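Student: One file: protein_22.txt (compact mmCIF, C-alpha atoms).
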```
# COMPACT_ATOMS: atom_id res chain seq x y z
CA MET A 1 0.00 0.00 0.00
CA THR A 2 1.23 3.46 -0.90
CA LEU A 3 1.47 6.23 1.64
CA THR A 4 -0.72 9.03 0.32
CA ILE A 5 -1.07 12.49 1.79
CA ARG A 6 -3.82 14.71 0.43
CA ASP A 7 -4.23 18.42 1.14
CA LEU A 8 -2.87 18.04 4.65
CA CYS A 9 -2.92 20.94 7.11
CA VAL A 10 -0.89 20.46 10.28
CA ALA A 11 -0.76 22.60 13.41
CA ARG A 12 1.69 23.14 16.23
CA GLY A 13 0.37 24.51 19.51
CA GLY A 14 -2.99 25.12 17.85
CA LEU A 15 -1.55 27.30 15.07
CA PRO A 16 -1.45 25.92 11.53
CA VAL A 17 2.11 25.79 10.22
CA LEU A 18 1.72 23.94 6.92
CA GLU A 19 -1.22 23.62 4.58
CA GLY A 20 -2.01 22.01 1.28
CA VAL A 21 0.69 19.36 1.61
CA SER A 22 0.08 16.54 -0.87
CA PHE A 23 2.37 13.75 -1.99
CA SER A 24 2.50 10.01 -2.26
CA LEU A 25 5.30 7.65 -1.44
CA GLU A 26 5.59 4.38 -3.39
CA HIS A 27 7.48 1.22 -2.47
CA GLY A 28 11.18 1.69 -2.87
CA GLN A 29 10.93 5.48 -2.95
CA ALA A 30 12.43 8.05 -0.67
CA LEU A 31 11.33 11.64 -0.20
CA ILE A 32 13.56 14.31 1.29
CA LEU A 33 11.90 17.13 3.19
CA ARG A 34 13.68 20.46 3.15
CA GLY A 35 12.88 23.76 4.71
CA PRO A 36 14.38 26.27 7.14
CA ASN A 37 14.25 25.74 10.92
CA GLY A 38 10.77 26.18 12.30
CA SER A 39 9.09 25.63 8.95
CA GLY A 40 7.08 22.66 10.25
CA LYS A 41 9.05 19.61 9.14
CA THR A 42 8.92 17.99 12.57
CA THR A 43 5.22 18.79 12.97
CA LEU A 44 4.47 17.20 9.60
CA LEU A 45 6.45 14.06 10.49
CA ARG A 46 4.82 13.76 13.93
CA THR A 47 1.40 14.04 12.28
CA LEU A 48 2.28 11.29 9.82
CA ALA A 49 3.54 9.10 12.67
CA GLY A 50 0.12 9.48 14.29
CA LEU A 51 1.36 11.39 17.33
CA GLN A 52 -0.96 14.29 16.62
CA PRO A 53 -4.08 14.67 14.51
CA PRO A 54 -4.03 16.83 11.34
CA LEU A 55 -6.23 19.93 11.23
CA SER A 56 -7.60 18.83 7.87
CA GLY A 57 -6.70 16.60 4.96
CA ALA A 58 -6.23 12.86 4.68
CA ILE A 59 -3.41 10.41 5.36
CA THR A 60 -3.85 6.91 3.97
CA GLY A 61 -1.62 3.90 4.30
CA ALA A 62 0.23 5.06 7.42
CA GLN A 63 -1.60 3.01 10.06
CA ASP A 64 0.85 0.70 11.89
CA ARG A 65 3.38 0.88 9.06
CA ILE A 66 5.58 3.74 10.19
CA ALA A 67 8.83 3.56 12.09
CA TYR A 68 9.46 7.00 13.52
CA ALA A 69 12.83 8.36 14.59
CA ALA A 70 12.87 11.75 16.25
CA HIS A 71 15.56 14.00 17.69
CA SER A 72 15.71 11.86 20.83
CA ASP A 73 16.49 8.20 20.39
CA GLY A 74 14.49 6.62 23.20
CA LEU A 75 17.55 4.93 24.67
CA LYS A 76 18.00 4.00 28.28
CA ALA A 77 21.36 5.00 29.70
CA MET A 78 21.47 2.11 32.13
CA LEU A 79 20.77 -0.59 29.55
CA SER A 80 23.43 -2.00 27.23
CA VAL A 81 23.34 -1.55 23.46
CA THR A 82 22.01 -5.08 22.95
CA GLU A 83 19.39 -4.70 25.69
CA ASN A 84 18.12 -1.47 24.15
CA LEU A 85 17.81 -3.08 20.72
CA ARG A 86 16.28 -6.28 22.11
CA PHE A 87 13.67 -4.24 23.94
CA TRP A 88 12.54 -2.38 20.83
CA ALA A 89 12.64 -5.55 18.75
CA ALA A 90 10.36 -7.25 21.28
CA VAL A 91 7.96 -4.29 21.36
CA PHE A 92 7.64 -4.47 17.58
CA GLY A 93 7.31 -8.26 17.63
CA GLN A 94 10.70 -8.97 16.04
CA ARG A 95 13.51 -11.18 17.27
CA ASP A 96 16.63 -10.82 15.21
CA ILE A 97 18.81 -7.83 16.01
CA THR A 98 21.94 -8.96 14.13
CA PRO A 99 21.20 -7.09 10.86
CA ALA A 100 20.69 -3.87 12.83
CA VAL A 101 23.95 -4.37 14.76
CA GLU A 102 25.86 -5.09 11.56
CA SER A 103 24.46 -2.24 9.48
CA PHE A 104 25.56 0.36 11.98
CA ALA A 105 28.80 -1.36 13.08
CA LEU A 106 27.64 -1.67 16.67
CA ALA A 107 29.23 -5.06 17.33
CA PRO A 108 32.25 -3.66 19.25
CA LEU A 109 29.88 -1.64 21.45
CA GLN A 110 27.34 -4.38 22.13
CA ASP A 111 27.96 -4.74 25.86
CA ARG A 112 28.54 -1.08 26.64
CA LEU A 113 25.85 0.82 28.55
CA ALA A 114 24.06 3.25 26.25
CA GLY A 115 24.79 6.03 28.73
CA THR A 116 28.54 5.67 28.11
CA LEU A 117 28.30 6.03 24.33
CA SER A 118 29.26 9.21 22.49
CA ALA A 119 26.53 11.33 20.86
CA GLY A 120 27.28 9.89 17.41
CA GLN A 121 27.32 6.32 18.71
CA LYS A 122 23.97 6.89 20.44
CA ARG A 123 22.58 8.21 17.19
CA ARG A 124 23.78 5.09 15.37
CA LEU A 125 22.06 2.96 17.97
CA GLY A 126 18.91 5.06 17.60
CA LEU A 127 18.96 4.52 13.83
CA ALA A 128 19.69 0.81 14.24
CA ARG A 129 16.39 0.68 16.12
CA LEU A 130 14.63 1.36 12.78
CA LEU A 131 15.88 -1.94 11.44
CA VAL A 132 14.45 -3.95 14.34
CA THR A 133 10.97 -2.48 13.92
CA GLY A 134 10.33 -4.34 10.68
CA ARG A 135 8.10 -1.46 9.56
CA PRO A 136 8.06 -0.54 5.84
CA ILE A 137 7.90 3.27 6.06
CA TRP A 138 10.72 5.09 7.81
CA VAL A 139 9.88 8.59 8.97
CA LEU A 140 13.12 10.25 10.02
CA ASP A 141 13.57 13.64 11.59
CA GLU A 142 17.12 14.93 10.95
CA PRO A 143 18.70 11.47 11.28
CA THR A 144 22.26 12.59 10.61
CA VAL A 145 22.64 14.98 13.56
CA SER A 146 26.00 14.32 15.30
CA LEU A 147 26.98 11.58 12.84
CA ASP A 148 30.47 11.66 11.29
CA ARG A 149 31.00 11.21 7.56
CA GLU A 150 31.57 7.48 7.85
CA ALA A 151 28.38 7.00 9.89
CA VAL A 152 26.38 9.10 7.42
CA ALA A 153 27.56 6.74 4.68
CA MET A 154 26.50 3.78 6.84
CA PHE A 155 23.10 5.39 7.28
CA ALA A 156 22.70 6.13 3.56
CA GLN A 157 23.63 2.52 2.84
CA ALA A 158 20.98 1.30 5.32
CA VAL A 159 18.35 3.51 3.69
CA ARG A 160 19.33 2.22 0.24
CA ALA A 161 19.05 -1.38 1.42
CA HIS A 162 15.68 -0.60 2.97
CA LEU A 163 14.42 0.95 -0.29
CA ALA A 164 15.77 -1.96 -2.31
CA SER A 165 13.79 -4.38 -0.17
CA GLY A 166 10.57 -2.54 -1.00
CA GLY A 167 10.42 -0.12 1.91
CA SER A 168 10.13 3.62 1.69
CA ALA A 169 11.54 6.54 3.61
CA LEU A 170 10.59 10.11 4.39
CA ILE A 171 13.59 12.07 5.62
CA ALA A 172 13.82 15.61 6.91
CA THR A 173 17.44 16.66 6.56
CA HIS A 174 19.68 19.60 5.76
CA ILE A 175 22.57 17.66 4.27
CA ASP A 176 22.98 15.77 1.03
CA LEU A 177 22.71 12.03 1.68
CA GLY A 178 23.53 11.04 -1.89
CA LEU A 179 20.22 9.27 -2.27
CA GLU A 180 18.25 9.29 -5.48
CA ALA A 181 15.14 10.84 -4.08
CA ALA A 182 12.58 13.50 -4.80
CA THR A 183 12.69 16.64 -2.66
CA LEU A 184 9.78 18.45 -1.10
CA ASP A 185 10.37 22.00 0.07
CA VAL A 186 7.89 22.59 2.89
CA ALA A 187 8.52 26.35 2.86
CA ARG A 188 6.21 26.52 -0.17
CA HIS A 189 3.36 25.14 1.94
CA ARG A 190 3.63 27.58 4.82
CA ALA A 191 0.17 28.31 6.21
CA THR A 192 -1.18 31.70 5.19
CA SER A 193 -2.48 34.22 7.69
CA GLN A 194 -6.01 33.38 6.59
CA THR A 195 -5.78 29.82 7.80
CA ARG A 196 -4.06 31.04 10.93
CA ALA A 197 -6.93 33.43 11.70
CA GLY A 198 -9.45 30.62 11.30
CA ALA A 199 -7.77 28.56 13.99
CA THR A 200 -7.26 31.10 16.74
CA ASP A 201 -9.91 29.43 18.91
CA GLU A 202 -7.90 26.25 18.83
CA ALA A 203 -4.93 28.00 20.39
CA PHE A 204 -6.88 28.63 23.55
CA LEU A 205 -8.13 25.08 24.00
CA MET B 1 4.52 -6.44 26.96
CA THR B 2 6.82 -8.77 28.87
CA ALA B 3 9.72 -6.88 27.34
CA LEU B 4 8.42 -3.58 28.71
CA LEU B 5 7.89 -5.11 32.15
CA THR B 6 11.35 -6.67 32.35
CA ARG B 7 12.93 -3.49 31.04
CA ASP B 8 11.18 -1.34 33.64
CA LEU B 9 12.13 -3.74 36.43
CA ALA B 10 15.75 -3.87 35.24
CA LEU B 11 15.88 -0.07 35.09
CA ALA B 12 14.43 0.23 38.58
CA ILE B 13 16.97 -2.13 40.10
CA ARG B 14 20.06 -0.77 38.33
CA ALA B 15 21.95 2.18 39.70
CA GLY B 16 19.97 5.40 39.68
CA GLY B 17 16.67 3.61 39.18
CA GLY B 18 15.17 4.84 42.43
CA PHE B 19 14.25 1.39 43.70
CA GLY B 20 13.96 1.46 47.48
CA LEU B 21 13.13 5.15 47.69
CA GLY B 22 9.54 4.48 48.73
CA LEU B 23 10.64 1.69 51.01
CA ALA B 24 13.15 3.91 52.80
CA PHE B 25 10.55 6.66 53.18
CA PHE B 26 8.01 4.21 54.63
CA LEU B 27 10.64 2.94 57.04
CA ILE B 28 11.59 6.44 58.18
CA VAL B 29 7.98 7.54 58.76
CA THR B 30 7.03 4.53 60.83
CA VAL B 31 10.25 4.57 62.83
CA MET B 32 9.84 8.27 63.58
CA VAL B 33 6.17 8.24 64.60
CA PRO B 34 6.75 6.54 68.01
CA PHE B 35 9.40 9.16 68.79
CA ALA B 36 7.05 11.96 67.81
CA VAL B 37 3.91 10.87 69.67
CA GLY B 38 5.72 9.53 72.73
CA PRO B 39 6.11 6.04 74.19
CA VAL B 40 2.45 5.28 74.91
CA PRO B 41 1.78 1.71 73.69
CA GLU B 42 -2.02 2.06 73.83
CA LEU B 43 -1.96 5.24 71.73
CA LEU B 44 0.44 3.70 69.20
CA ALA B 45 -1.73 0.60 68.92
CA ARG B 46 -4.73 2.81 68.16
CA ILE B 47 -3.09 4.92 65.49
CA ALA B 48 -0.94 2.12 63.99
CA PRO B 49 -3.28 1.09 61.09
CA GLY B 50 -3.80 4.68 60.01
CA VAL B 51 -0.14 5.66 60.25
CA LEU B 52 1.03 2.57 58.38
CA TRP B 53 -1.47 3.17 55.60
CA LEU B 54 -0.65 6.85 55.34
CA GLY B 55 3.07 6.05 55.24
CA ALA B 56 2.55 3.52 52.46
CA LEU B 57 0.43 5.97 50.47
CA LEU B 58 2.96 8.79 50.71
CA ALA B 59 5.78 6.38 49.87
CA CYS B 60 3.90 5.46 46.68
CA LEU B 61 3.33 9.11 45.85
CA LEU B 62 7.03 9.88 46.24
CA SER B 63 8.15 7.76 43.30
CA LEU B 64 5.35 8.69 40.91
CA ASP B 65 6.94 11.66 39.16
CA ARG B 66 9.68 9.39 37.76
CA LEU B 67 7.13 6.93 36.41
CA LEU B 68 6.70 8.56 32.99
CA ALA B 69 8.93 11.64 33.15
CA LEU B 70 12.13 9.72 32.34
CA ASP B 71 10.54 7.99 29.35
CA TRP B 72 9.22 11.35 28.19
CA GLU B 73 12.61 13.04 28.36
CA ASP B 74 14.48 10.46 26.31
CA GLY B 75 11.72 10.12 23.70
CA THR B 76 10.70 6.57 24.64
CA LEU B 77 7.06 7.59 25.06
CA ASP B 78 6.87 8.96 21.49
CA LEU B 79 8.29 5.74 20.14
CA LEU B 80 6.04 3.58 22.33
CA ALA B 81 3.01 5.54 21.11
CA THR B 82 3.91 4.66 17.50
CA SER B 83 4.58 1.00 18.32
CA PRO B 84 2.07 -1.83 17.88
CA LEU B 85 1.60 -1.97 21.66
CA PRO B 86 -1.61 -0.11 22.64
CA LEU B 87 -0.85 2.81 24.95
CA GLU B 88 -3.42 1.49 27.43
CA ALA B 89 -1.51 -1.78 27.72
CA ALA B 90 1.84 -0.01 27.95
CA LEU B 91 0.60 2.17 30.81
CA SER B 92 -0.94 -0.81 32.62
CA ILE B 93 2.41 -2.55 32.39
CA LYS B 94 4.21 0.53 33.67
CA ALA B 95 1.77 0.69 36.59
CA LEU B 96 2.41 -3.00 37.28
CA ALA B 97 6.17 -2.41 37.22
CA HIS B 98 5.70 0.52 39.61
CA TRP B 99 3.67 -1.69 41.94
CA ILE B 100 6.26 -4.48 41.88
CA THR B 101 9.10 -2.07 42.68
CA THR B 102 7.22 0.14 45.16
CA GLY B 103 3.92 -1.33 46.36
CA LEU B 104 4.98 -4.94 46.81
CA PRO B 105 8.03 -4.17 48.99
CA LEU B 106 5.78 -1.98 51.18
CA VAL B 107 3.32 -4.85 51.59
CA LEU B 108 6.11 -7.24 52.50
CA ILE B 109 7.80 -4.99 55.04
CA SER B 110 4.58 -3.74 56.67
CA PRO B 111 4.32 -6.56 59.28
CA VAL B 112 7.82 -5.72 60.55
CA LEU B 113 6.92 -2.07 60.85
CA GLY B 114 3.63 -3.11 62.51
CA VAL B 115 5.73 -4.43 65.39
CA LEU B 116 7.40 -1.03 65.75
CA MET B 117 3.96 0.56 65.91
CA ASN B 118 2.70 -1.93 68.52
CA LEU B 119 -0.02 -3.13 66.14
CA PRO B 120 -2.35 -5.56 67.98
CA GLY B 121 -1.93 -9.24 67.08
CA PRO B 122 -5.01 -9.85 64.92
CA GLY B 123 -4.24 -6.71 62.90
CA PHE B 124 -1.16 -8.06 61.11
CA VAL B 125 -3.00 -10.30 58.68
CA TRP B 126 -5.50 -7.58 57.80
CA LEU B 127 -2.83 -4.93 57.42
CA VAL B 128 -1.01 -7.07 54.87
CA VAL B 129 -4.25 -8.04 53.11
CA SER B 130 -5.47 -4.45 52.91
CA LEU B 131 -2.13 -3.15 51.62
CA ALA B 132 -1.87 -5.98 49.09
CA LEU B 133 -5.35 -5.12 47.82
CA GLY B 134 -4.99 -1.35 47.98
CA THR B 135 -1.49 -0.56 46.71
CA PRO B 136 -2.21 -1.69 43.10
CA ALA B 137 -4.92 0.98 42.99
CA LEU B 138 -2.37 3.56 44.21
CA SER B 139 0.02 2.65 41.38
CA VAL B 140 -2.68 2.73 38.70
CA ILE B 141 -4.15 6.04 39.89
CA GLY B 142 -0.62 7.41 40.14
CA THR B 143 0.06 6.44 36.52
CA PHE B 144 -2.96 8.52 35.56
CA GLY B 145 -1.55 11.49 37.48
CA ALA B 146 1.82 11.01 35.83
CA ALA B 147 0.21 10.84 32.37
CA LEU B 148 -1.70 14.07 33.04
CA THR B 149 1.40 16.01 34.05
CA VAL B 150 4.05 14.35 31.91
CA GLY B 151 5.02 17.37 29.83
CA VAL B 152 5.12 19.79 32.76
CA LYS B 153 8.55 20.77 34.04
CA ARG B 154 8.73 20.01 37.76
CA GLY B 155 5.20 18.63 37.54
CA GLY B 156 5.58 16.73 40.82
CA LEU B 157 3.65 19.27 42.89
CA LEU B 158 0.80 19.51 40.40
CA MET B 159 0.65 15.75 40.19
CA SER B 160 0.50 15.31 43.97
CA LEU B 161 -2.39 17.77 44.15
CA LEU B 162 -4.25 15.97 41.37
CA VAL B 163 -3.62 12.48 42.67
CA LEU B 164 -4.19 12.94 46.42
CA PRO B 165 -8.00 13.37 46.23
CA LEU B 166 -8.19 10.26 44.06
CA TYR B 167 -6.23 8.36 46.72
CA VAL B 168 -8.70 9.24 49.48
CA PRO B 169 -11.25 6.41 48.96
CA THR B 170 -8.49 3.81 48.86
CA LEU B 171 -6.96 5.26 52.03
CA ILE B 172 -10.28 5.37 53.89
CA PHE B 173 -11.28 1.79 53.15
CA GLY B 174 -7.75 0.39 53.35
CA ALA B 175 -7.08 1.91 56.76
CA GLU B 176 -10.56 0.88 57.89
CA VAL B 177 -9.84 -2.77 57.03
CA ALA B 178 -6.62 -2.63 59.03
CA ARG B 179 -8.27 -0.81 61.95
CA ARG B 180 -11.20 -3.19 62.20
CA GLY B 181 -8.85 -6.13 61.90
CA ALA B 182 -6.64 -4.76 64.68
CA GLN B 183 -9.62 -4.23 66.99
CA GLY B 184 -10.97 -7.71 66.33
CA MET B 185 -14.03 -6.51 64.41
CA ASP B 186 -15.32 -7.93 61.15
CA PRO B 187 -13.51 -6.16 58.24
CA THR B 188 -15.60 -7.69 55.43
CA THR B 189 -17.49 -4.56 54.33
CA PRO B 190 -14.51 -2.19 53.91
CA LEU B 191 -12.51 -5.07 52.46
CA LEU B 192 -15.09 -5.57 49.70
CA MET B 193 -15.22 -1.83 49.07
CA LEU B 194 -11.42 -1.71 48.81
CA ALA B 195 -11.37 -4.67 46.45
CA GLY B 196 -14.11 -3.04 44.38
CA ILE B 197 -12.19 0.23 44.10
CA THR B 198 -9.02 -1.56 43.06
CA ALA B 199 -10.80 -3.73 40.49
CA GLY B 200 -12.62 -0.76 38.99
CA VAL B 201 -9.52 1.41 38.89
CA VAL B 202 -7.31 -1.29 37.36
CA ALA B 203 -9.93 -1.90 34.66
CA LEU B 204 -10.83 1.68 33.76
CA MET B 205 -7.99 4.00 34.75
CA PRO B 206 -5.55 2.92 31.99
CA LEU B 207 -8.08 4.17 29.41
CA ALA B 208 -8.07 7.61 31.04
CA SER B 209 -4.27 7.55 31.43
CA ALA B 210 -3.76 6.71 27.75
CA ALA B 211 -6.18 9.43 26.66
CA ALA B 212 -4.39 12.01 28.82
CA LEU B 213 -0.99 10.89 27.55
CA ARG B 214 -2.07 11.10 23.88
CA VAL B 215 -3.09 14.70 24.42
CA ASN B 216 0.23 15.44 26.15
CA LEU B 217 2.27 13.86 23.35
CA ARG B 218 0.85 16.17 20.68
```
Take the structure in the file and write it out as structure tokens.

Tutor:
Amino acid sequence: MTLTIRDLCVARGGLPVLEGVSFSLEHGQALILRGPNGSGKTTLLRTLAGLQPPLSGAITGAQDRIAYAAHSDGLKAMLSVTENLRFWAAVFGQRDITPAVESFALAPLQDRLAGTLSAGQKRRLGLARLLVTGRPIWVLDEPTVSLDREAVAMFAQAVRAHLASGGSALIATHIDLGLEAATLDVARHRATSQTRAGATDEAFL
Amino acid sequence: MTALLTRDLALAIRAGGGFGLGLAFFLIVTVMVPFAVGPVPELLARIAPGVLWLGALLACLLSLDRLLALDWEDGTLDLLATSPLPLEAALSIKALAHWITTGLPLVLISPVLGVLMNLPGPGFVWLVVSLALGTPALSVIGTFGAALTVGVKRGGLLMSLLVLPLYVPTLIFGAEVARRGAQGMDPTTPLLMLAGITAGVVALMPLASAAALRVNLR
């Protein structure tokens, strides 16, 4: 099933930030979201992940198919790398964590506590979590923050493998990942003052 | 679900998990009360059920603000909300983990502290029974409070104010079971009320907690 977004309007804190967003994402496709800070990329991704309802518009094909990765990785400092991955694998009903460990070169870190990892290593672990979800659509919010060049390449390789196996990815990023993907500039969909005026009541709820 | 439970238990036991905080608080309160009210065995025996119940309740309250706040800060709650596990189930499991790490130790240590409080002989069984029946309700109601205030910085005060009134029925009937038991009266009626409250709360409260948390995650 294709992920289809039609005429979506999303709000943050009751104020519409983006409107008229429409696109569809086929199997094996990736879409890069671009836009300046505060333009609503995160809000759009959170809406797609089902964490908040859209103001208007329709999202089809997202139910229970999205693996979401935000700015924070959801890691527990007092659990080891393997324990963190095992936990998320179990929550998503998967068992095998080896592909995830291998893709992000986590094998030498397996028994370290997540709290003792560097920022980039934590990020790699957070991205490895995507592989243990077994979900077809990756929704990633600035996945390359604090990654070095080598790790970015690892990540791009993981995304390519995911696309090749029929998955799809929606990535908000500021850097060039070297992926063959369409780009959507969210700045063009910034909500106008008219829509903003219509939603003032919402802000006080 | 088992994974979430074992993870929460592992986190509670490992360094910095806060396991034993409630237990230590309960211990301190009940050890201090005899010093505060004076060495009058008859008086202590009379107030013992109430003091033990109040101590247990406050000990539960003490550890509540960590229940969801840590998972909120590191983004685990966002990821759990997008996982196949229903939020209601996840919060029930978190309440269960809270009970195992906080409520259950209180139940187990209460007879020992009953001795310190000069609790009359027949009261011990009923104290343990009432705490075993009542503390799960405290954990589940507390999860609701934590879900309501999860995004609030330093939300502990707000949460205590919201949760305390909801704790009152459990406290009244729980302490009443222990008091009647200690005085050799029949504790059946308050015991059934306490069991009813716990059953109702365990069944319905997770729905409210999940709804509150969904709003807070937006």

Student: Compile a residue-level contact table for range 13-33 of chain B against range 88-111 of chain B at a cut-off of 7 Å, reporting for every qualifying residue the shortest atom pair and its distance in Å to one decimal, with all atoms listed in the file counted, rows ordered by chain and ascending number, as a tab-separated table.

Tutor:
```
residue	atom	partner	partner_atom	distance
B:Phe19	CA	B:Thr101	CA	6.3
B:Gly22	CA	B:Thr102	CA	6.1
B:Leu23	CA	B:Leu106	CA	6.1
```

Student: For chain A, which residues have at least one atom within 9 Å of chain B, if we go by all atoms listed in the file? Write them as a VMD selection string, please.

Tutor: chain A and resid 12 to 13 46 to 47 49 to 53 64 66 to 76 78 to 79 83 to 84 86 to 88 90 to 93 133

Student: For Thr183 in chain A, find every residue with an atom within 9 Å (counting all atoms listed in the file), except residues of its own chain fewer than 5 positions away, and show them as a PyMOL selection string.

Tutor: chain A and resi 30-34

Student: Please return as a PyMOL selection string every residue within 12 Å of (-3.9, 16.7, 43.4), taking into account all atoms listed in the file and the file's own coordinates.

Tutor: chain B and resi 61+141-142+144-146+148-149+155-168

Student: Excluding Gln183 in chain B and any residue of its chain fewer than 4 positions from it, enumerate the residues within 8 Å of it, using only C-alpha atoms, and give them as a ChimeraX atom specification.

Tutor: /B:120,122-123,179

Student: I'd like the interatomic distance between CA of Thr170 in chain B and CA of Phe26 in chain B, to a tenth of an Å.

Tutor: 17.5 Å

Student: Determine the nearest neighbour of Met154 in chain A from the options A:Ala119, A:Cys9, A:Leu15, A:Ala100, counting all atoms listed in the file.

Tutor: A:Ala100

Student: For Thr173 in chain A, which residue out of A:Gly14, A:Gly115, A:Pro99, A:Gly35 is the nearest one, using only C-alpha atoms?

Tutor: A:Gly35

Student: Residues within 10 Å of Gly40 in chain A, please, as a list in words. Count all atoms listed in the file; anything in the same chain fewer than 6 positions from it doesn't count.

Tutor: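 The residues that qualify are Val10, Ala11, Arg12, Pro16, Val17, Leu18, Arg34, Arg46, Val186, Ala187, His189, Arg190 and Ala191 of chain A.
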
Student: With C-alpha atoms kept, could you save the residues just selected as a compact mmCIF listing (two decimals), in the frame of the given file?

Tutor:
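Below you can see result.txt, which holds the result:
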```
# COMPACT_ATOMS: atom_id res chain seq x y z
CA VAL A 10 -0.89 20.46 10.28
CA ALA A 11 -0.76 22.60 13.41
CA ARG A 12 1.69 23.14 16.23
CA PRO A 16 -1.45 25.92 11.53
CA VAL A 17 2.11 25.79 10.22
CA LEU A 18 1.72 23.94 6.92
CA ARG A 34 13.68 20.46 3.15
CA ARG A 46 4.82 13.76 13.93
CA VAL A 186 7.89 22.59 2.89
CA ALA A 187 8.52 26.35 2.86
CA HIS A 189 3.36 25.14 1.94
CA ARG A 190 3.63 27.58 4.82
CA ALA A 191 0.17 28.31 6.21
```

Student: Would you work out the distance separating CA of Ala175 in chain B from CA of Ala24 in chain B, expressed in Å to one decimal?

Tutor: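 Computing the Euclidean distance for CA of Ala175 in chain B and CA of Ala24 in chain B yields 20.7 Å.
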
Student: Export range 154-208 of chain B from the structure block above, keeping C-alpha atoms, as a PDB file, in the first residue's frame.

Tutor:
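Result written to result_18.pdb:
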```pdb
ATOM      1  CA  ARG B 154       8.730  20.013  37.757  1.00  0.00           C
ATOM      2  CA  GLY B 155       5.203  18.627  37.542  1.00  0.00           C
ATOM      3  CA  GLY B 156       5.576  16.730  40.819  1.00  0.00           C
ATOM      4  CA  LEU B 157       3.648  19.268  42.887  1.00  0.00           C
ATOM      5  CA  LEU B 158       0.797  19.510  40.397  1.00  0.00           C
ATOM      6  CA  MET B 159       0.651  15.745  40.186  1.00  0.00           C
ATOM      7  CA  SER B 160       0.499  15.313  43.975  1.00  0.00           C
ATOM      8  CA  LEU B 161      -2.390  17.774  44.148  1.00  0.00           C
ATOM      9  CA  LEU B 162      -4.253  15.971  41.366  1.00  0.00           C
ATOM     10  CA  VAL B 163      -3.622  12.481  42.673  1.00  0.00           C
ATOM     11  CA  LEU B 164      -4.190  12.938  46.418  1.00  0.00           C
ATOM     12  CA  PRO B 165      -7.999  13.370  46.226  1.00  0.00           C
ATOM     13  CA  LEU B 166      -8.189  10.261  44.064  1.00  0.00           C
ATOM     14  CA  TYR B 167      -6.229   8.357  46.718  1.00  0.00           C
ATOM     15  CA  VAL B 168      -8.703   9.241  49.484  1.00  0.00           C
ATOM     16  CA  PRO B 169     -11.251   6.413  48.962  1.00  0.00           C
ATOM     17  CA  THR B 170      -8.486   3.805  48.862  1.00  0.00           C
ATOM     18  CA  LEU B 171      -6.955   5.264  52.026  1.00  0.00           C
ATOM     19  CA  ILE B 172     -10.285   5.368  53.890  1.00  0.00           C
ATOM     20  CA  PHE B 173     -11.275   1.790  53.149  1.00  0.00           C
ATOM     21  CA  GLY B 174      -7.749   0.389  53.349  1.00  0.00           C
ATOM     22  CA  ALA B 175      -7.081   1.913  56.762  1.00  0.00           C
ATOM     23  CA  GLU B 176     -10.559   0.876  57.892  1.00  0.00           C
ATOM     24  CA  VAL B 177      -9.843  -2.774  57.026  1.00  0.00           C
ATOM     25  CA  ALA B 178      -6.617  -2.629  59.029  1.00  0.00           C
ATOM     26  CA  ARG B 179      -8.270  -0.807  61.953  1.00  0.00           C
ATOM     27  CA  ARG B 180     -11.202  -3.194  62.204  1.00  0.00           C
ATOM     28  CA  GLY B 181      -8.850  -6.133  61.904  1.00  0.00           C
ATOM     29  CA  ALA B 182      -6.637  -4.757  64.675  1.00  0.00           C
ATOM     30  CA  GLN B 183      -9.617  -4.233  66.988  1.00  0.00           C
ATOM     31  CA  GLY B 184     -10.974  -7.706  66.334  1.00  0.00           C
ATOM     32  CA  MET B 185     -14.029  -6.514  64.405  1.00  0.00           C
ATOM     33  CA  ASP B 186     -15.322  -7.933  61.146  1.00  0.00           C
ATOM     34  CA  PRO B 187     -13.505  -6.156  58.242  1.00  0.00           C
ATOM     35  CA  THR B 188     -15.596  -7.687  55.434  1.00  0.00           C
ATOM     36  CA  THR B 189     -17.488  -4.559  54.330  1.00  0.00           C
ATOM     37  CA  PRO B 190     -14.509  -2.189  53.911  1.00  0.00           C
ATOM     38  CA  LEU B 191     -12.510  -5.073  52.456  1.00  0.00           C
ATOM     39  CA  LEU B 192     -15.094  -5.567  49.702  1.00  0.00           C
ATOM     40  CA  MET B 193     -15.222  -1.829  49.073  1.00  0.00           C
ATOM     41  CA  LEU B 194     -11.423  -1.707  48.812  1.00  0.00           C
ATOM     42  CA  ALA B 195     -11.366  -4.671  46.450  1.00  0.00           C
ATOM     43  CA  GLY B 196     -14.109  -3.037  44.384  1.00  0.00           C
ATOM     44  CA  ILE B 197     -12.193   0.234  44.098  1.00  0.00           C
ATOM     45  CA  THR B 198      -9.019  -1.555  43.058  1.00  0.00           C
ATOM     46  CA  ALA B 199     -10.795  -3.728  40.487  1.00  0.00           C
ATOM     47  CA  GLY B 200     -12.615  -0.757  38.992  1.00  0.00           C
ATOM     48  CA  VAL B 201      -9.521   1.412  38.887  1.00  0.00           C
ATOM     49  CA  VAL B 202      -7.314  -1.286  37.360  1.00  0.00           C
ATOM     50  CA  ALA B 203      -9.926  -1.900  34.659  1.00  0.00           C
ATOM     51  CA  LEU B 204     -10.828   1.682  33.759  1.00  0.00           C
ATOM     52  CA  MET B 205      -7.991   4.000  34.752  1.00  0.00           C
ATOM     53  CA  PRO B 206      -5.552   2.917  31.987  1.00  0.00           C
ATOM     54  CA  LEU B 207      -8.079   4.171  29.411  1.00  0.00           C
ATOM     55  CA  ALA B 208      -8.069   7.608  31.038  1.00  0.00           C
TER      56      ALA B 208
END
```
